[in-house]
Amino acid sequence: MGDRWRLIPVLDGPGRVQMAIDRWLLTQQAQGQSRPVLRFYTWAEPTLSLGFHQRRYPAAWDQLQWGDRPVPLVRRPTGGRAVLHGGDLSYAVVMDHRGDRRGTYCHICQFLIAGWRSLGLDLRFGQGRSRGIHDQANCFALATDADLVLAATGEKLIGSAQVWQQQTVLQHGSIVLNPDRSLHQTVFGTAPPAIALPPVTQAEIITALTAAASAQLGADWQVEPLSDREWAAPSIRRQFAVSSSSICRHFIVNSSSICRLSLGYGGIKFAPSPSAPSPSAPSPFAPQPLGVDPAMTTSPPSTRLPDLKPDYDRLWKTCVIRPDWQARVKQTTDRLVKQRSRYEVIQKAIGVPWWFVAALHNLEASSDFTCNLHNGQPLSQRTTIEPKNRGPFKTWEESAIDALTLKEFDAPRVKDRSLAAWLWRAERFNGFGYRLYHPTVLTPYLWSGSNHHRSGKYTADGKFDPKALSEQVGVAMVWKTLEAIGAIDLPE
């Protein structure tokens, strides 16, 4: 008899919900309120997930469309690079472990290796080094020694990542089964690898991996769906966006394999296998609606321009400069007007409005032309904070063009030139950390000095202080003042 583990029934749902569940399970285990957990899950629609620390990615990903539907962009609690979900199977293991991190990867991955071996496919660890991973946006474009590849060809089948809380680890990963080749080409510019898998169903894969996990991890399973209390946890509940295509449902799969699963963009569909009982027989394998109360749900945070344009329009129209900031705002805008000719060089070169460049330069480098537009570090050195490894640059203009084209703000790639779109680009330049992780605080990068912001700011990369006060003039205040004095005509 092994240790008692919790086996959560297979769940198909929106990416934000799946990530919230994984974070919740990690926290509960770290606080001693849960047993070790194994679960498998699928994604209710094509979704692009980013690693927790992945800050650089193509601007087009914020506005991805597939057919007439947007492709959601979510952030995982773990590291690594971007993964395109849809046609894959995800797993998550949450457990206490006192070994080193590399050893923990090896320990957990043994059940994946053993499970696939029982299905006739031999896997091994990748041989690439993780050092170059940050130069690659696509997780499956390379295989590190934490990934599992086909032993015969080296093609990557499973990408995994971890996050730790004290001695508790969450390791989750994506198993490539049937990727949409056209969508993969659209997102990453390359076709996915053609991997020859054994002729097995998804239910058979889950059954084999569950059996292997029991042997390799010493698990004695107790099948236990998420409870009403867990679904009601704020960190999970607020991630729901209720729509006909993204309502979550529970599914249980066990060793009898009485159901065959087929993955479609609308979710998981069930078809009875030849050995399934008659429809009249009671079965725990039937899908069960969660019964989410629409009145208690909220939309997940979005960073997409189409979703945020009404928000930017509303904030701009209701934005006023605070009386105690008026002198500071005037001093800043007077300085930027005097430096206008330097900014107009950038406008002429790549089509980015001078007033956009000026506002960013004020915030990133206090308008110092010896410092990078990227992050305010000296032109003469290679950048060591995000974005890292840019430069050194001979001139400020060279640095500014690099910073703006890196974000794909240059004219050939900018289609929407509305005021709301420029506000969105300014927030994107600084990062969507406020919107994603501190949604009650409007970013001071845009709104400092206005009625929309009082306190709360990032004091360093990844470090937020709710009491910290911004001393810099926000982008919107600069533009409001420049328009008021007749220096610019802003777009609608």
# chains A, B, ... in the order shown; residues from 1 in each chain; ligands from 1
$ residues_around --residues "Ala151 of chain A" --least-positions-apart "4" --cutoff "9 Å" --atoms "only C-alpha atoms" --output "PyMOL selection string"
chain A and resi 121-125+155
$ write_last_selection --atoms "N, CA and C atoms" --output "mmCIF file, in the first residue's frame"
data_model
loop_
_atom_site.group_PDB
_atom_site.id
_atom_site.type_symbol
_atom_site.label_atom_id
_atom_site.label_comp_id
_atom_site.auth_asym_id
_atom_site.auth_seq_id
_atom_site.Cartn_x
_atom_site.Cartn_y
_atom_site.Cartn_z
ATOM 1 N N LEU A 121 5.945 3.360 -26.543
ATOM 2 C CA LEU A 121 6.751 4.497 -26.984
ATOM 3 C C LEU A 121 7.850 4.767 -25.961
ATOM 4 N N ASP A 122 9.099 4.745 -26.388
ATOM 5 C CA ASP A 122 10.225 4.983 -25.494
ATOM 6 C C ASP A 122 10.592 6.465 -25.498
ATOM 7 N N LEU A 123 10.731 7.022 -24.298
ATOM 8 C CA LEU A 123 11.108 8.418 -24.127
ATOM 9 C C LEU A 123 12.427 8.512 -23.373
ATOM 10 N N ARG A 124 13.104 9.627 -23.532
ATOM 11 C CA ARG A 124 14.303 9.942 -22.754
ATOM 12 C C ARG A 124 14.312 11.449 -22.501
ATOM 13 N N PHE A 125 15.199 11.870 -21.607
ATOM 14 C CA PHE A 125 15.329 13.305 -21.348
ATOM 15 C C PHE A 125 16.060 13.982 -22.514
ATOM 16 N N GLU A 155 12.494 14.019 -31.074
ATOM 17 C CA GLU A 155 11.387 14.971 -31.131
ATOM 18 C C GLU A 155 10.783 15.139 -29.737
#
$ closest_atom_pairs --of "segment 156-257 of chain A" --to "segment 16-26 of chain A" --cutoff "9 Å" --atoms "only C-alpha atoms" --output "tab-separated table"
residue	atom	partner	partner_atom	distance
A:Val163	CA	A:Leu26	CA	8.8
A:Trp164	CA	A:Leu26	CA	8.1
A:Gln165	CA	A:Leu26	CA	7.5
A:Thr168	CA	A:Leu26	CA	7.1
A:Val169	CA	A:Leu26	CA	7.0
A:Leu170	CA	A:Leu26	CA	5.9
A:His172	CA	A:Asp22	CA	8.4
A:Glu230	CA	A:Trp24	CA	8.5
A:Trp231	CA	A:Ile21	CA	8.7
A:Ala233	CA	A:Trp24	CA	8.5
A:Ser235	CA	A:Ala20	CA	6.3
A:Ile236	CA	A:Ala20	CA	5.2
A:Arg237	CA	A:Val17	CA	8.0
A:Arg238	CA	A:Val17	CA	8.6
A:Gln239	CA	A:Val17	CA	5.4
A:Phe240	CA	A:Val17	CA	6.4
A:Cys248	CA	A:Val17	CA	8.8
$ residues_around --residues "Trp61 of chain A" --least-positions-apart "6" --cutoff "9 Å" --atoms "only C-alpha atoms" --output "VMD selection string"
chain A and resid 48 71 73 187 304
$ residues_around --residues "segment 356-369 of chain A" --least-positions-apart "6" --cutoff "7 Å" --atoms "only C-alpha atoms" --output "PDB file with all heavy atoms, in the first residue's frame"
ATOM      1  N   LEU A 336      10.046  68.378 -22.220  1.00  0.00           N
ATOM      2  CA  LEU A 336       9.869  67.494 -23.368  1.00  0.00           C
ATOM      3  C   LEU A 336       9.661  68.272 -24.664  1.00  0.00           C
ATOM      4  O   LEU A 336      10.140  67.870 -25.727  1.00  0.00           O
ATOM      5  CB  LEU A 336       8.690  66.545 -23.125  1.00  0.00           C
ATOM      6  CG  LEU A 336       8.845  65.578 -21.944  1.00  0.00           C
ATOM      7  CD1 LEU A 336       7.594  64.720 -21.783  1.00  0.00           C
ATOM      8  CD2 LEU A 336      10.075  64.697 -22.104  1.00  0.00           C
ATOM      9  N   TYR A 343      13.132  63.710 -30.456  1.00  0.00           N
ATOM     10  CA  TYR A 343      12.095  62.690 -30.560  1.00  0.00           C
ATOM     11  C   TYR A 343      11.541  62.600 -31.982  1.00  0.00           C
ATOM     12  O   TYR A 343      11.131  61.517 -32.430  1.00  0.00           O
ATOM     13  CB  TYR A 343      10.978  62.970 -29.558  1.00  0.00           C
ATOM     14  CG  TYR A 343      11.458  63.056 -28.125  1.00  0.00           C
ATOM     15  CD1 TYR A 343      11.126  64.143 -27.317  1.00  0.00           C
ATOM     16  CD2 TYR A 343      12.254  62.050 -27.577  1.00  0.00           C
ATOM     17  CE1 TYR A 343      11.564  64.222 -26.012  1.00  0.00           C
ATOM     18  CE2 TYR A 343      12.706  62.124 -26.269  1.00  0.00           C
ATOM     19  CZ  TYR A 343      12.355  63.215 -25.490  1.00  0.00           C
ATOM     20  OH  TYR A 343      12.805  63.300 -24.202  1.00  0.00           O
ATOM     21  N   ASN A 375      15.098  50.868 -20.590  1.00  0.00           N
ATOM     22  CA  ASN A 375      14.965  50.718 -19.141  1.00  0.00           C
ATOM     23  C   ASN A 375      15.791  51.718 -18.334  1.00  0.00           C
ATOM     24  O   ASN A 375      15.893  51.584 -17.118  1.00  0.00           O
ATOM     25  CB  ASN A 375      15.375  49.300 -18.716  1.00  0.00           C
ATOM     26  CG  ASN A 375      16.751  48.912 -19.245  1.00  0.00           C
ATOM     27  OD1 ASN A 375      17.618  49.767 -19.438  1.00  0.00           O
ATOM     28  ND2 ASN A 375      16.958  47.620 -19.476  1.00  0.00           N
ATOM     29  N   GLY A 376      16.388  52.718 -19.015  1.00  0.00           N
ATOM     30  CA  GLY A 376      17.133  53.751 -18.301  1.00  0.00           C
ATOM     31  C   GLY A 376      18.565  53.416 -17.974  1.00  0.00           C
ATOM     32  O   GLY A 376      19.267  54.250 -17.374  1.00  0.00           O
ATOM     33  N   TRP A 396      21.671  57.645 -28.601  1.00  0.00           N
ATOM     34  CA  TRP A 396      20.360  57.434 -27.995  1.00  0.00           C
ATOM     35  C   TRP A 396      19.333  57.056 -29.049  1.00  0.00           C
ATOM     36  O   TRP A 396      18.450  56.215 -28.795  1.00  0.00           O
ATOM     37  CB  TRP A 396      19.921  58.708 -27.262  1.00  0.00           C
ATOM     38  CG  TRP A 396      18.529  58.557 -26.706  1.00  0.00           C
ATOM     39  CD1 TRP A 396      18.177  57.976 -25.532  1.00  0.00           C
ATOM     40  CD2 TRP A 396      17.311  58.942 -27.356  1.00  0.00           C
ATOM     41  NE1 TRP A 396      16.807  57.965 -25.388  1.00  0.00           N
ATOM     42  CE2 TRP A 396      16.252  58.568 -26.492  1.00  0.00           C
ATOM     43  CE3 TRP A 396      17.012  59.574 -28.552  1.00  0.00           C
ATOM     44  CZ2 TRP A 396      14.917  58.814 -26.808  1.00  0.00           C
ATOM     45  CZ3 TRP A 396      15.681  59.811 -28.871  1.00  0.00           C
ATOM     46  CH2 TRP A 396      14.650  59.431 -28.009  1.00  0.00           C
ATOM     47  N   GLN A 472       6.821  60.092 -10.590  1.00  0.00           N
ATOM     48  CA  GLN A 472       6.941  60.420 -12.006  1.00  0.00           C
ATOM     49  C   GLN A 472       5.590  60.793 -12.606  1.00  0.00           C
ATOM     50  O   GLN A 472       4.541  60.332 -12.145  1.00  0.00           O
ATOM     51  CB  GLN A 472       7.533  59.225 -12.769  1.00  0.00           C
ATOM     52  CG  GLN A 472       8.962  58.886 -12.368  1.00  0.00           C
ATOM     53  CD  GLN A 472       9.478  57.683 -13.128  1.00  0.00           C
ATOM     54  OE1 GLN A 472       8.956  56.582 -12.985  1.00  0.00           O
ATOM     55  NE2 GLN A 472      10.498  57.897 -13.947  1.00  0.00           N
ATOM     56  N   VAL A 475       2.097  58.886 -18.400  1.00  0.00           N
ATOM     57  CA  VAL A 475       1.983  59.142 -19.833  1.00  0.00           C
ATOM     58  C   VAL A 475       0.752  59.983 -20.162  1.00  0.00           C
ATOM     59  O   VAL A 475       0.826  60.954 -20.927  1.00  0.00           O
ATOM     60  CB  VAL A 475       1.928  57.792 -20.595  1.00  0.00           C
ATOM     61  CG1 VAL A 475       1.436  57.988 -22.024  1.00  0.00           C
ATOM     62  CG2 VAL A 475       3.291  57.111 -20.585  1.00  0.00           C
ATOM     63  N   VAL A 478       1.131  63.683 -19.440  1.00  0.00           N
ATOM     64  CA  VAL A 478       1.978  64.371 -20.419  1.00  0.00           C
ATOM     65  C   VAL A 478       1.172  64.688 -21.666  1.00  0.00           C
ATOM     66  O   VAL A 478       1.179  65.822 -22.175  1.00  0.00           O
ATOM     67  CB  VAL A 478       3.204  63.504 -20.769  1.00  0.00           C
ATOM     68  CG1 VAL A 478       3.950  64.077 -21.967  1.00  0.00           C
ATOM     69  CG2 VAL A 478       4.130  63.386 -19.567  1.00  0.00           C
TER      70      VAL A 478
END
$ closest_residue --among "A:Pro58, A:Gly159, A:Gly99, A:Gly32" --to "Glu408 of chain A" --atoms "only C-alpha atoms"
A:Pro58
$ select_by_dssp --residues "segment 336-438 of chain A" --states "alpha helix (DSSP H)" --output "ChimeraX atom specification"
/A:336-338,340-350,354-365,396-406,419-430,433-437
$ write_last_selection --atoms "N, CA and C atoms" --output "compact mmCIF listing (two decimals), in the first residue's frame"
# COMPACT_ATOMS: atom_id res chain seq x y z
N LEU A 336 10.05 68.38 -22.22
CA LEU A 336 9.87 67.49 -23.37
C LEU A 336 9.66 68.27 -24.66
N VAL A 337 8.98 69.39 -24.58
CA VAL A 337 8.78 70.23 -25.77
C VAL A 337 10.12 70.77 -26.27
N LYS A 338 10.99 71.16 -25.35
CA LYS A 338 12.31 71.66 -25.74
C LYS A 338 13.15 70.58 -26.42
N ARG A 340 11.90 68.22 -28.33
CA ARG A 340 11.03 67.65 -29.36
C ARG A 340 11.81 67.20 -30.60
N SER A 341 12.79 67.99 -31.02
CA SER A 341 13.51 67.67 -32.26
C SER A 341 14.21 66.32 -32.17
N ARG A 342 14.69 65.95 -30.98
CA ARG A 342 15.34 64.64 -30.82
C ARG A 342 14.32 63.51 -31.00
N TYR A 343 13.13 63.71 -30.46
CA TYR A 343 12.10 62.69 -30.56
C TYR A 343 11.54 62.60 -31.98
N GLU A 344 11.52 63.73 -32.67
CA GLU A 344 11.01 63.71 -34.04
C GLU A 344 11.91 62.94 -34.99
N VAL A 345 13.18 62.77 -34.63
CA VAL A 345 14.07 61.91 -35.42
C VAL A 345 13.54 60.47 -35.42
N ILE A 346 13.05 60.02 -34.28
CA ILE A 346 12.50 58.67 -34.16
C ILE A 346 11.19 58.57 -34.94
N GLN A 347 10.38 59.61 -34.84
CA GLN A 347 9.11 59.62 -35.57
C GLN A 347 9.35 59.50 -37.07
N LYS A 348 10.33 60.23 -37.56
CA LYS A 348 10.65 60.20 -39.00
C LYS A 348 11.22 58.84 -39.40
N ALA A 349 11.99 58.22 -38.51
CA ALA A 349 12.66 56.96 -38.86
C ALA A 349 11.71 55.77 -38.87
N ILE A 350 10.84 55.65 -37.87
CA ILE A 350 10.01 54.44 -37.77
C ILE A 350 8.53 54.74 -37.58
N TRP A 354 6.23 61.44 -31.89
CA TRP A 354 7.26 61.99 -31.00
C TRP A 354 6.76 62.08 -29.58
N TRP A 355 5.48 62.40 -29.40
CA TRP A 355 4.94 62.56 -28.05
C TRP A 355 4.85 61.23 -27.31
N PHE A 356 4.72 60.13 -28.04
CA PHE A 356 4.76 58.80 -27.42
C PHE A 356 6.17 58.50 -26.93
N VAL A 357 7.15 58.76 -27.79
CA VAL A 357 8.56 58.51 -27.43
C VAL A 357 8.96 59.38 -26.24
N ALA A 358 8.53 60.64 -26.27
CA ALA A 358 8.91 61.58 -25.20
C ALA A 358 8.39 61.13 -23.84
N ALA A 359 7.13 60.71 -23.80
CA ALA A 359 6.53 60.30 -22.52
C ALA A 359 7.23 59.07 -21.95
N LEU A 360 7.59 58.12 -22.83
CA LEU A 360 8.30 56.94 -22.36
C LEU A 360 9.71 57.29 -21.90
N HIS A 361 10.39 58.18 -22.65
CA HIS A 361 11.75 58.57 -22.28
C HIS A 361 11.77 59.24 -20.91
N ASN A 362 10.76 60.03 -20.62
CA ASN A 362 10.67 60.69 -19.31
C ASN A 362 10.57 59.65 -18.19
N LEU A 363 9.77 58.61 -18.41
CA LEU A 363 9.56 57.62 -17.37
C LEU A 363 10.73 56.64 -17.24
N GLU A 364 11.30 56.24 -18.36
CA GLU A 364 12.35 55.22 -18.32
C GLU A 364 13.71 55.79 -17.95
N ALA A 365 13.98 57.04 -18.35
CA ALA A 365 15.34 57.58 -18.17
C ALA A 365 15.37 59.03 -17.70
N TRP A 396 21.67 57.64 -28.60
CA TRP A 396 20.36 57.43 -27.99
C TRP A 396 19.33 57.06 -29.05
N GLU A 397 19.42 57.66 -30.23
CA GLU A 397 18.48 57.36 -31.30
C GLU A 397 18.52 55.88 -31.67
N GLU A 398 19.72 55.32 -31.73
CA GLU A 398 19.86 53.90 -32.04
C GLU A 398 19.18 53.05 -30.96
N SER A 399 19.36 53.44 -29.73
CA SER A 399 18.73 52.73 -28.62
C SER A 399 17.21 52.83 -28.69
N ALA A 400 16.68 54.03 -28.96
CA ALA A 400 15.23 54.22 -29.00
C ALA A 400 14.59 53.41 -30.11
N ILE A 401 15.21 53.39 -31.27
CA ILE A 401 14.67 52.61 -32.38
C ILE A 401 14.66 51.13 -32.04
N ASP A 402 15.72 50.66 -31.38
CA ASP A 402 15.77 49.25 -30.98
C ASP A 402 14.67 48.93 -29.98
N ALA A 403 14.47 49.80 -28.99
CA ALA A 403 13.45 49.55 -27.95
C ALA A 403 12.05 49.49 -28.54
N LEU A 404 11.76 50.37 -29.47
CA LEU A 404 10.41 50.45 -30.02
C LEU A 404 10.13 49.37 -31.05
N THR A 405 11.13 49.03 -31.85
CA THR A 405 10.93 47.94 -32.82
C THR A 405 10.91 46.59 -32.12
N LEU A 406 11.62 46.48 -30.99
CA LEU A 406 11.58 45.25 -30.21
C LEU A 406 10.15 44.94 -29.78
N LEU A 419 -6.02 56.73 -30.11
CA LEU A 419 -5.45 57.14 -28.82
C LEU A 419 -5.46 55.96 -27.84
N ALA A 420 -6.56 55.21 -27.81
CA ALA A 420 -6.63 54.05 -26.91
C ALA A 420 -5.52 53.05 -27.23
N ALA A 421 -5.21 52.87 -28.51
CA ALA A 421 -4.16 51.93 -28.90
C ALA A 421 -2.79 52.41 -28.43
N TRP A 422 -2.55 53.73 -28.48
CA TRP A 422 -1.26 54.24 -27.99
C TRP A 422 -1.16 54.13 -26.46
N LEU A 423 -2.27 54.30 -25.76
CA LEU A 423 -2.26 54.09 -24.31
C LEU A 423 -1.96 52.62 -24.00
N TRP A 424 -2.56 51.73 -24.77
CA TRP A 424 -2.30 50.30 -24.59
C TRP A 424 -0.83 49.98 -24.84
N ARG A 425 -0.24 50.57 -25.89
CA ARG A 425 1.17 50.30 -26.18
C ARG A 425 2.07 50.84 -25.08
N ALA A 426 1.72 51.98 -24.52
CA ALA A 426 2.53 52.53 -23.43
C ALA A 426 2.48 51.60 -22.22
N GLU A 427 1.29 51.08 -21.90
CA GLU A 427 1.20 50.15 -20.77
C GLU A 427 1.94 48.86 -21.09
N ARG A 428 1.83 48.39 -22.32
CA ARG A 428 2.53 47.17 -22.71
C ARG A 428 4.04 47.36 -22.64
N PHE A 429 4.53 48.54 -22.98
CA PHE A 429 5.97 48.80 -22.92
C PHE A 429 6.48 48.60 -21.50
N ASN A 430 5.72 49.06 -20.54
CA ASN A 430 6.12 48.92 -19.14
C ASN A 430 5.79 47.54 -18.58
N GLY A 433 1.81 44.04 -15.43
CA GLY A 433 1.81 43.48 -14.09
C GLY A 433 0.70 44.00 -13.20
N TYR A 434 0.39 45.29 -13.30
CA TYR A 434 -0.69 45.85 -12.47
C TYR A 434 -2.01 45.21 -12.86
N ARG A 435 -2.28 45.17 -14.15
CA ARG A 435 -3.55 44.65 -14.64
C ARG A 435 -3.72 43.17 -14.30
N LEU A 436 -2.64 42.40 -14.39
CA LEU A 436 -2.73 40.97 -14.17
C LEU A 436 -2.71 40.58 -12.71
N TYR A 437 -1.88 41.25 -11.91
CA TYR A 437 -1.64 40.79 -10.54
C TYR A 437 -2.14 41.76 -9.47
$ closest_residue --among "A:Leu197, A:Leu112, A:Ile175, A:Val37" --to "Leu226 of chain A" --atoms "only C-alpha atoms"
A:Val37
$ select_by_dssp --residues "segment 53-206 of chain A" --states "strand (DSSP E)" --output "ChimeraX atom specification"
/A:65-66,69-70,73-75,83-85,88-96,123-125,148-150,156-165,168-176
$ atom_distance --atom1 "atom CA of Asn372 of chain A" --atom2 "atom CA of Phe409 of chain A"
16.5 Å
$ residues_around --residues "Phe40 of chain A" --least-positions-apart "3" --cutoff "6 Å" --atoms "only C-alpha atoms" --output "ChimeraX atom specification"
/A:10,90-91
$ residues_around --residues "His53 of chain A" --least-positions-apart "3" --cutoff "10 Å" --atoms "only C-alpha atoms" --output "list of chain:residue names"
A:Leu50, A:Arg56, A:Arg75, A:Arg76, A:Pro77, A:Thr78, A:Gly79, A:Gly80, A:Arg81, A:His134, A:Gly462
$ residues_around --residues "Phe432 of chain A" --least-positions-apart "6" --cutoff "10 Å" --atoms "only C-alpha atoms" --output "count of residues only"
7
$ closest_atom_pairs --of "segment 44-158 of chain A" --to "segment 176-185 of chain A" --cutoff "10 Å" --atoms "only C-alpha atoms" --output "CSV"
residue,atom,partner,partner_atom,distance
A:Pro46,CA,A:Leu183,CA,8.8
A:Gln65,CA,A:Leu183,CA,9.5
A:Trp66,CA,A:Leu183,CA,7.3
A:Gly67,CA,A:Leu183,CA,9.9
A:Val71,CA,A:Leu183,CA,9.9
A:Val83,CA,A:His184,CA,9.9
A:Leu84,CA,A:His184,CA,7.2
A:His85,CA,A:Pro179,CA,7.8
A:Gly86,CA,A:Pro179,CA,6.4
A:Gly87,CA,A:Asn178,CA,4.5
A:Asp88,CA,A:Val176,CA,4.8
A:Leu89,CA,A:Val176,CA,6.8
A:Ser90,CA,A:Val176,CA,8.9
A:Phe140,CA,A:Val176,CA,9.4
A:Lys156,CA,A:Val176,CA,8.3
A:Leu157,CA,A:Val176,CA,5.5
A:Ile158,CA,A:Val176,CA,6.5
$ write_last_selection --atoms "all heavy atoms" --output "short mmCIF file (atom, residue, chain, number, x, y, z; two decimals), in the first residue's frame"
data_model
loop_
_atom_site.label_atom_id
_atom_site.label_comp_id
_atom_site.auth_asym_id
_atom_site.auth_seq_id
_atom_site.Cartn_x
_atom_site.Cartn_y
_atom_site.Cartn_z
N PRO A 46 -8.34 26.80 -28.12
CA PRO A 46 -6.92 27.07 -28.36
C PRO A 46 -6.45 28.23 -27.47
O PRO A 46 -7.09 29.28 -27.42
CB PRO A 46 -6.88 27.46 -29.84
CG PRO A 46 -8.10 26.84 -30.43
CD PRO A 46 -9.14 26.88 -29.35
N GLN A 65 -6.07 35.95 -33.37
CA GLN A 65 -7.40 35.50 -33.72
C GLN A 65 -7.28 34.15 -34.42
O GLN A 65 -6.32 33.90 -35.15
CB GLN A 65 -8.08 36.49 -34.66
CG GLN A 65 -8.39 37.85 -34.04
CD GLN A 65 -9.63 37.81 -33.17
OE1 GLN A 65 -9.64 38.33 -32.06
NE2 GLN A 65 -10.68 37.18 -33.66
N TRP A 66 -8.25 33.28 -34.18
CA TRP A 66 -8.32 32.02 -34.91
C TRP A 66 -9.76 31.89 -35.39
O TRP A 66 -10.67 31.67 -34.61
CB TRP A 66 -7.92 30.86 -34.03
CG TRP A 66 -7.75 29.58 -34.82
CD1 TRP A 66 -8.38 28.38 -34.61
CD2 TRP A 66 -6.91 29.39 -35.95
NE1 TRP A 66 -7.97 27.47 -35.52
CE2 TRP A 66 -7.07 28.05 -36.37
CE3 TRP A 66 -6.04 30.21 -36.66
CZ2 TRP A 66 -6.39 27.53 -37.47
CZ3 TRP A 66 -5.37 29.69 -37.75
CH2 TRP A 66 -5.53 28.37 -38.15
N GLY A 67 -9.95 32.08 -36.71
CA GLY A 67 -11.30 32.19 -37.21
C GLY A 67 -11.88 33.50 -36.72
O GLY A 67 -11.27 34.56 -36.84
N VAL A 71 -7.63 34.09 -29.50
CA VAL A 71 -6.87 33.03 -28.84
C VAL A 71 -6.41 33.58 -27.50
O VAL A 71 -5.57 34.49 -27.45
CB VAL A 71 -5.66 32.59 -29.68
CG1 VAL A 71 -4.85 31.54 -28.94
CG2 VAL A 71 -6.12 32.04 -31.03
N VAL A 83 3.61 27.93 -24.77
CA VAL A 83 3.04 26.66 -25.23
C VAL A 83 1.68 26.95 -25.85
O VAL A 83 0.85 27.64 -25.25
CB VAL A 83 2.88 25.66 -24.07
CG1 VAL A 83 2.22 24.37 -24.57
CG2 VAL A 83 4.23 25.35 -23.43
N LEU A 84 1.46 26.42 -27.05
CA LEU A 84 0.15 26.53 -27.70
C LEU A 84 -0.66 25.29 -27.35
O LEU A 84 -0.29 24.17 -27.70
CB LEU A 84 0.32 26.64 -29.21
CG LEU A 84 -0.96 26.77 -30.03
CD1 LEU A 84 -1.74 28.02 -29.62
CD2 LEU A 84 -0.65 26.78 -31.52
N HIS A 85 -1.75 25.51 -26.63
CA HIS A 85 -2.59 24.40 -26.17
C HIS A 85 -3.79 24.23 -27.09
O HIS A 85 -4.30 25.18 -27.66
CB HIS A 85 -3.06 24.65 -24.74
CG HIS A 85 -1.96 24.84 -23.76
ND1 HIS A 85 -1.28 23.79 -23.18
CD2 HIS A 85 -1.38 25.98 -23.28
CE1 HIS A 85 -0.35 24.27 -22.36
NE2 HIS A 85 -0.39 25.59 -22.41
N GLY A 86 -4.28 23.01 -27.13
CA GLY A 86 -5.37 22.63 -28.01
C GLY A 86 -4.87 21.46 -28.83
O GLY A 86 -3.96 21.59 -29.64
N GLY A 87 -5.41 20.28 -28.57
CA GLY A 87 -4.84 19.09 -29.18
C GLY A 87 -3.71 18.52 -28.34
O GLY A 87 -2.95 17.68 -28.80
N ASP A 88 -3.59 18.98 -27.09
CA ASP A 88 -2.60 18.42 -26.17
C ASP A 88 -3.31 17.93 -24.91
O ASP A 88 -4.48 18.21 -24.70
CB ASP A 88 -1.51 19.43 -25.82
CG ASP A 88 -2.05 20.61 -25.02
OD1 ASP A 88 -3.23 20.98 -25.23
OD2 ASP A 88 -1.31 21.18 -24.19
N LEU A 89 -2.59 17.21 -24.09
CA LEU A 89 -3.07 16.76 -22.79
C LEU A 89 -2.11 17.30 -21.74
O LEU A 89 -0.89 17.14 -21.87
CB LEU A 89 -3.11 15.23 -22.73
CG LEU A 89 -3.42 14.60 -21.36
CD1 LEU A 89 -4.85 14.92 -20.95
CD2 LEU A 89 -3.19 13.09 -21.40
N SER A 90 -2.64 17.95 -20.72
CA SER A 90 -1.80 18.50 -19.65
C SER A 90 -1.90 17.63 -18.41
O SER A 90 -2.92 16.99 -18.16
CB SER A 90 -2.21 19.93 -19.32
OG SER A 90 -1.95 20.80 -20.40
N PHE A 140 8.37 24.41 -27.36
CA PHE A 140 8.64 23.16 -28.05
C PHE A 140 9.64 23.30 -29.19
O PHE A 140 9.85 22.35 -29.96
CB PHE A 140 7.32 22.55 -28.54
CG PHE A 140 6.59 21.79 -27.46
CD1 PHE A 140 5.79 22.46 -26.55
CD2 PHE A 140 6.73 20.43 -27.32
CE1 PHE A 140 5.13 21.80 -25.54
CE2 PHE A 140 6.09 19.74 -26.32
CZ PHE A 140 5.28 20.42 -25.42
N LYS A 156 10.50 16.39 -29.37
CA LYS A 156 9.98 16.68 -28.03
C LYS A 156 8.50 16.33 -27.94
O LYS A 156 7.68 16.83 -28.71
CB LYS A 156 10.20 18.15 -27.70
CG LYS A 156 9.75 18.58 -26.31
CD LYS A 156 10.23 19.99 -26.04
CE LYS A 156 9.70 20.57 -24.74
NZ LYS A 156 10.23 21.91 -24.48
N LEU A 157 8.15 15.50 -26.98
CA LEU A 157 6.76 15.10 -26.76
C LEU A 157 6.15 15.79 -25.55
O LEU A 157 4.98 16.15 -25.57
CB LEU A 157 6.67 13.59 -26.57
CG LEU A 157 5.26 13.03 -26.31
CD1 LEU A 157 4.40 13.16 -27.56
CD2 LEU A 157 5.31 11.58 -25.84
N ILE A 158 6.95 16.00 -24.50
CA ILE A 158 6.42 16.54 -23.24
C ILE A 158 7.33 17.67 -22.75
O ILE A 158 8.53 17.47 -22.56
CB ILE A 158 6.32 15.46 -22.15
CG1 ILE A 158 5.52 14.25 -22.63
CG2 ILE A 158 5.68 16.05 -20.89
CD1 ILE A 158 5.47 13.10 -21.65
#
$ atom_distance --atom1 "atom CA of Gln167 of chain A" --atom2 "atom CA of Thr27 of chain A"
11.2 Å
$ atom_distance --atom1 "atom CA of Gly351 of chain A" --atom2 "atom CA of Ala59 of chain A"
16.7 Å
$ decode --residues "segment 193-197 of chain A" --atoms "N, CA and C atoms" --output "short mmCIF file (atom, residue, chain, number, x, y, z; two decimals), in the first residue's frame"
data_model
loop_
_atom_site.label_atom_id
_atom_site.label_comp_id
_atom_site.auth_asym_id
_atom_site.auth_seq_id
_atom_site.Cartn_x
_atom_site.Cartn_y
_atom_site.Cartn_z
N PRO A 193 6.30 19.67 -34.90
CA PRO A 193 6.96 18.41 -35.30
C PRO A 193 5.93 17.33 -35.56
N ALA A 194 6.17 16.52 -36.54
CA ALA A 194 5.29 15.40 -36.85
C ALA A 194 5.73 14.20 -36.02
N ILE A 195 4.99 13.92 -34.96
CA ILE A 195 5.36 12.85 -34.03
C ILE A 195 4.43 11.66 -34.27
N ALA A 196 5.02 10.50 -34.52
CA ALA A 196 4.25 9.28 -34.74
C ALA A 196 3.94 8.64 -33.39
N LEU A 197 2.68 8.71 -32.98
CA LEU A 197 2.27 8.15 -31.70
C LEU A 197 1.61 6.79 -31.90
#
